[in-house]
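Asker: Can you read through this structure? Questions will come right after.
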Amino acid sequence: MGLLSNKVERSEIKPGDHIYTYRAVFAYSHHGIFVGGSKVVHFTPERNENSATETSAKSYEEIYNLPPSCPTFPDCGFRQPTSGVVLSCLDCFLRNGSLYCFEYGVTPSVFLAKVRGGTCTTAMADPPDAVIHRAMYLLQNGFGNYDVFQNNCEDFALYCKTGLLIVDRLGVGRSGQASSVIGAPLAALLSSPLKLLMPSPVGVATVTAGMYCMSRYATDIGVRSDVIKVAVEDLAVNLGWGPNGQVQEEEDGRPDLQIVK
């Protein structure tokens with residue numbers, strides 16, 4: 001892995017690694033935890049059997065990164081009912097894409113140099129045994145409701161690697177991709193008044209890029225102050241999950257959140 005790319009060969013990854021691959025011509029990345037034996041545990045939206053499938057030419061598996069029927073591994077595609085946590089073989093997870101390894105414990109300068117979000121964090125990773133335990137536990141018990149901005153595949157992998165949970169569930173989640181999506185328009189908006197003060201487009205672009213990078217850094221789980229370490233067995237209590245990780249809501253429609261350290 002280098003400063004510009006986290007691309008690795010299959011022989012380089014180890015059980016407990018946080019891996020990812022790009023989808024839709026690098027439009028976004030899909031993340032998971034490599035647990036050994038050519039198997040990956042990853043998080044997708046749970047399947048809704050009542051949804052209308054006629055409106056899309058693509059299958060549910062194609063849209064949500066689930067593996068098709070795998071001739072090599074009979075357990076590829078295993079998941080609990082109503083849960084979005086899936087066990088896939090490495091081939092089905094990558095779907096002919098390249099393999100990348102997420103970096104942990106990077107310095108702030110390296111983090112800021114990685115212009116694209118969802119590739120690294122300043123947070124330190126836990127030992128591989130703890131990471132695999134979390135991933136396999138969540139495979140059996142679920143990881144709550146999938147949310148693109150607050151609880152996505154990268155959030156899942158980051159939790160498995162660090163055990164860190166964000167207390168404020170109303171803001172952006174742990175995902176660097178989500179931070180990038182929000183940070184880019186915000187940086188452009190905040191820097192727009194500078195166009196009146198800076199005649200040079202290069203100057204405005206530089207300031208915008210700086211604001212974007214700082215917004216990403218401010219939401220990184222390694223520097224946030226609203227994160228706590230939570231044992232995987234306590235996640236259901238902390239997030240108000242019901243069976244298979246489904247969120248139980250209060251009468252006002254908000255998730256029932258408790259903090260158990």
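Here, A, B, ... name the chains of the structure tokens in the order displayed, residue numbers run from 1 inside each chain, and ligands are numbered from 1 in the same displayed order.
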Which residues of stretch 96-185 of chain A sit at most 12 Å from stretch 4-14 of chain A, using only C-alpha atoms? Give each one's shortest atom pair and distance in Å (one decimal place), in chain and ascending residue order, as a tab-separated table.
Answerer:
```
residue	atom	partner	partner_atom	distance
A:Gly97	CA	A:Lys7	CA	10.8
A:Ser98	CA	A:Lys7	CA	7.2
A:Leu99	CA	A:Lys7	CA	5.8
A:Tyr100	CA	A:Lys7	CA	4.2
A:Cys101	CA	A:Asn6	CA	5.6
A:Phe102	CA	A:Asn6	CA	6.9
A:Glu103	CA	A:Asn6	CA	7.8
A:Tyr104	CA	A:Asn6	CA	11.6
A:Val110	CA	A:Leu4	CA	10.0
A:Phe111	CA	A:Leu4	CA	11.2
A:Leu112	CA	A:Leu4	CA	11.7
A:Ala113	CA	A:Leu4	CA	8.5
A:Lys114	CA	A:Leu4	CA	7.0
A:Val115	CA	A:Leu4	CA	9.0
A:Arg116	CA	A:Leu4	CA	9.7
A:Gly118	CA	A:Asn6	CA	10.8
A:Thr119	CA	A:Asn6	CA	7.4
A:Cys120	CA	A:Asn6	CA	9.0
A:Pro127	CA	A:Lys14	CA	11.7
A:Pro128	CA	A:Lys14	CA	8.7
A:Asp129	CA	A:Lys14	CA	11.3
A:Val131	CA	A:Lys14	CA	11.7
A:Ile132	CA	A:Lys14	CA	11.0
```
Asker: For a quick check of understanding, using only C-alpha atoms, which of A:Tyr22, A:Phe34, A:Phe143, A:Tyr137 has the smallest distance to A:Ser88?
Answerer: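 Under the stated criterion, the closest residue is A:Phe34.
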Asker: What is the atom CA of A:Val40 to atom CA of A:Arg95 distance in Å?
Answerer: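 Computing it gives 12.6 Å between the two atoms.
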Asker: Just list the residues in stretch 38-167 of chain A DSSP gives strand (DSSP E) on the backbone, as a list of chain:residue names.
Answerer: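 Strand (DSSP E) assignments inside stretch 38-167 of chain A correspond to A:Lys39, A:Val40, A:Val41, A:His42, A:Phe43, A:Val85, A:Val86, A:Leu87, A:Ser88, A:Cys89, A:Tyr100, A:Cys101, A:Leu164, A:Leu165, A:Ile166.
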Asker: For the selection just defined, write its residues with all heavy atoms to a file, as a compact mmCIF listing (two decimals), in the first residue's frame.
Answerer:
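That gives us selection_35.txt:
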```txt
# COMPACT_ATOMS: atom_id res chain seq x y z
N LYS A 39 -13.18 -15.98 2.98
CA LYS A 39 -14.52 -15.53 3.36
C LYS A 39 -14.48 -14.09 3.86
O LYS A 39 -13.52 -13.67 4.52
CB LYS A 39 -15.12 -16.43 4.44
CG LYS A 39 -15.27 -17.88 4.03
CD LYS A 39 -16.32 -18.05 2.95
CE LYS A 39 -16.43 -19.49 2.50
NZ LYS A 39 -16.84 -20.39 3.58
N VAL A 40 -15.54 -13.35 3.55
CA VAL A 40 -15.69 -11.95 3.95
C VAL A 40 -17.06 -11.76 4.59
O VAL A 40 -18.06 -12.26 4.06
CB VAL A 40 -15.56 -11.00 2.73
CG1 VAL A 40 -15.65 -9.54 3.17
CG2 VAL A 40 -14.26 -11.26 1.98
N VAL A 41 -17.10 -11.06 5.71
CA VAL A 41 -18.37 -10.67 6.33
C VAL A 41 -18.58 -9.20 6.02
O VAL A 41 -17.71 -8.36 6.30
CB VAL A 41 -18.35 -10.91 7.85
CG1 VAL A 41 -19.67 -10.44 8.47
CG2 VAL A 41 -18.12 -12.39 8.16
N HIS A 42 -19.74 -8.88 5.44
CA HIS A 42 -20.01 -7.49 5.07
C HIS A 42 -21.48 -7.16 5.30
O HIS A 42 -22.29 -8.05 5.59
CB HIS A 42 -19.60 -7.21 3.62
CG HIS A 42 -20.20 -8.13 2.60
ND1 HIS A 42 -21.02 -7.70 1.59
CD2 HIS A 42 -20.10 -9.48 2.43
CE1 HIS A 42 -21.40 -8.71 0.83
NE2 HIS A 42 -20.85 -9.81 1.32
N PHE A 43 -21.82 -5.88 5.18
CA PHE A 43 -23.13 -5.38 5.56
C PHE A 43 -23.83 -4.76 4.36
O PHE A 43 -23.25 -3.93 3.65
CB PHE A 43 -22.96 -4.34 6.67
CG PHE A 43 -24.23 -3.81 7.26
CD1 PHE A 43 -25.28 -4.65 7.61
CD2 PHE A 43 -24.39 -2.44 7.49
CE1 PHE A 43 -26.45 -4.16 8.16
CE2 PHE A 43 -25.54 -1.94 8.05
CZ PHE A 43 -26.58 -2.80 8.38
N VAL A 85 -26.28 -8.43 7.36
CA VAL A 85 -24.91 -8.90 7.49
C VAL A 85 -24.77 -10.23 6.76
O VAL A 85 -25.51 -11.17 7.03
CB VAL A 85 -24.49 -9.04 8.96
CG1 VAL A 85 -23.03 -9.46 9.06
CG2 VAL A 85 -24.71 -7.74 9.71
N VAL A 86 -23.83 -10.29 5.83
CA VAL A 86 -23.73 -11.42 4.90
C VAL A 86 -22.32 -12.02 4.94
O VAL A 86 -21.33 -11.30 5.08
CB VAL A 86 -24.04 -10.98 3.46
CG1 VAL A 86 -24.03 -12.15 2.50
CG2 VAL A 86 -25.37 -10.25 3.40
N LEU A 87 -22.26 -13.34 4.79
CA LEU A 87 -20.99 -14.04 4.63
C LEU A 87 -20.82 -14.39 3.16
O LEU A 87 -21.66 -15.07 2.58
CB LEU A 87 -20.97 -15.32 5.47
CG LEU A 87 -19.70 -16.18 5.34
CD1 LEU A 87 -18.52 -15.49 6.01
CD2 LEU A 87 -19.92 -17.57 5.94
N SER A 88 -19.75 -13.91 2.55
CA SER A 88 -19.50 -14.15 1.12
C SER A 88 -18.09 -14.68 0.93
O SER A 88 -17.21 -14.45 1.77
CB SER A 88 -19.66 -12.87 0.29
OG SER A 88 -20.94 -12.32 0.42
N CYS A 89 -17.88 -15.37 -0.17
CA CYS A 89 -16.51 -15.71 -0.52
C CYS A 89 -15.85 -14.47 -1.12
O CYS A 89 -16.53 -13.52 -1.54
CB CYS A 89 -16.47 -16.88 -1.50
SG CYS A 89 -17.04 -16.49 -3.18
N TYR A 100 -8.59 -3.78 -2.10
CA TYR A 100 -7.92 -2.71 -1.37
C TYR A 100 -8.01 -3.01 0.13
O TYR A 100 -8.98 -3.63 0.58
CB TYR A 100 -8.57 -1.35 -1.65
CG TYR A 100 -8.52 -0.94 -3.10
CD1 TYR A 100 -9.45 -1.41 -4.02
CD2 TYR A 100 -7.54 -0.06 -3.56
CE1 TYR A 100 -9.40 -1.04 -5.36
CE2 TYR A 100 -7.48 0.33 -4.90
CZ TYR A 100 -8.42 -0.18 -5.78
OH TYR A 100 -8.37 0.20 -7.11
N CYS A 101 -7.02 -2.54 0.87
CA CYS A 101 -6.99 -2.75 2.32
C CYS A 101 -7.05 -1.40 3.03
O CYS A 101 -6.23 -0.51 2.77
CB CYS A 101 -5.72 -3.51 2.71
SG CYS A 101 -5.75 -4.12 4.42
N LEU A 164 -15.63 1.02 18.24
CA LEU A 164 -16.07 2.38 18.59
C LEU A 164 -17.49 2.64 18.08
O LEU A 164 -17.81 2.32 16.94
CB LEU A 164 -15.11 3.41 18.00
CG LEU A 164 -13.69 3.39 18.57
CD1 LEU A 164 -12.81 4.40 17.85
CD2 LEU A 164 -13.69 3.67 20.07
N LEU A 165 -18.28 3.24 18.92
CA LEU A 165 -19.67 3.56 18.59
C LEU A 165 -19.89 5.04 18.79
O LEU A 165 -19.44 5.63 19.78
CB LEU A 165 -20.62 2.77 19.50
CG LEU A 165 -22.12 2.94 19.25
CD1 LEU A 165 -22.52 2.26 17.95
CD2 LEU A 165 -22.91 2.34 20.41
N ILE A 166 -20.59 5.67 17.86
CA ILE A 166 -20.88 7.10 17.96
C ILE A 166 -22.11 7.32 18.83
O ILE A 166 -23.16 6.70 18.59
CB ILE A 166 -21.08 7.71 16.57
CG1 ILE A 166 -19.76 7.66 15.79
CG2 ILE A 166 -21.58 9.14 16.66
CD1 ILE A 166 -19.87 8.17 14.38
```
Asker: Please determine, counting only C-alpha atoms, which residue among A:Ala157, A:Ala125, A:Leu94, A:Val237 has the shortest atom-to-atom distance to A:Arg23.
Answerer: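 So, comparing all the options, the nearest one is A:Leu94.
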Asker: Just the number, please: distance in Å from atom CA of A:Thr44 to atom CA of A:Gly32, one decimal.
Answerer: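 Rounded to one decimal, the two atoms are 10.0 Å apart.
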Asker: Taking into account only C-alpha atoms, which residue in the set A:Pro108, A:Ala130, A:Gln80, A:Thr21 is nearest to A:Cys92?
Answerer: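 Closest candidate: A:Thr21.
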Asker: In terms of the shortest atom-to-atom distance over only C-alpha atoms, which of A:His30, A:Cys76, A:Thr121, A:Gly105 is closest to A:Thr219?
Answerer: A:Thr121
Asker: Go through A:Ile221, A:Val25, A:Glu233, A:Val35 and flag the residue nearest A:Val167, using only C-alpha atoms for the distances.
Answerer: A:Ile221
Asker: Between A:Pro15, A:Pro45, A:Gly36, A:Gly117, which residue has the minimum interatomic distance to A:Asn151, considering only C-alpha atoms?
Answerer: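 Among the listed residues, A:Pro45 lies closest to A:Asn151.
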Asker: Give me, please, the distance in Å between atom CA of A:Gly163 and atom CA of A:Met124, quoted to one decimal.
Answerer: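 Separation between atom CA of A:Gly163 and atom CA of A:Met124: 10.2 Å.
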Asker: Need to verify the contact set: A:Val232, 12 Å, only C-alpha atoms, exclusion of same-chain residues closer than 6 positions in sequence. Can you return it as a list of chain:residue names?
Answerer: A:Ala130, A:Val131, A:Ile132, A:His133, A:Arg134, A:Ala135, A:Met136, A:Tyr137, A:Leu138, A:Leu139, A:Gln140, A:Asn141, A:Gly142, A:Phe143, A:Phe156, A:Tyr159, A:Cys160, A:Lys161, A:Thr162, A:Gly163, A:Leu164, A:Leu165, A:Asn238, A:Leu239, A:Gly245, A:Val260, A:Lys261
Asker: Since we have the selection now, will you write its residues out, keeping C-alpha atoms, as a CSV table (one decimal), in the first residue's frame?
Answerer:
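Output below, filename part-v1.csv:
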```csv
chain,number,residue,atom,x,y,z
A,130,ALA,CA,-11.4,-9.3,18.5
A,131,VAL,CA,-12.2,-8.1,15.0
A,132,ILE,CA,-13.2,-11.5,13.7
A,133,HIS,CA,-15.2,-12.1,16.9
A,134,ARG,CA,-17.2,-9.0,16.3
A,135,ALA,CA,-17.8,-9.8,12.6
A,136,MET,CA,-19.0,-13.3,13.3
A,137,TYR,CA,-21.2,-12.2,16.2
A,138,LEU,CA,-22.9,-9.6,14.0
A,139,LEU,CA,-23.3,-12.2,11.3
A,140,GLN,CA,-25.5,-14.1,13.7
A,141,ASN,CA,-27.2,-11.1,15.4
A,142,GLY,CA,-27.4,-8.3,12.8
A,143,PHE,CA,-26.1,-4.7,12.7
A,156,PHE,CA,-19.8,-1.9,10.0
A,159,TYR,CA,-16.9,-0.9,14.2
A,160,CYS,CA,-15.6,-4.5,13.8
A,161,LYS,CA,-12.0,-3.1,13.7
A,162,THR,CA,-12.2,-0.6,16.5
A,163,GLY,CA,-15.3,-1.4,18.7
A,164,LEU,CA,-16.1,2.4,18.6
A,165,LEU,CA,-19.7,3.6,18.6
A,238,ASN,CA,-27.0,0.6,23.2
A,239,LEU,CA,-28.9,0.9,19.9
A,245,GLY,CA,-30.5,-6.2,14.9
A,260,VAL,CA,-23.8,1.0,28.2
A,261,LYS,CA,-20.0,1.3,28.5
```
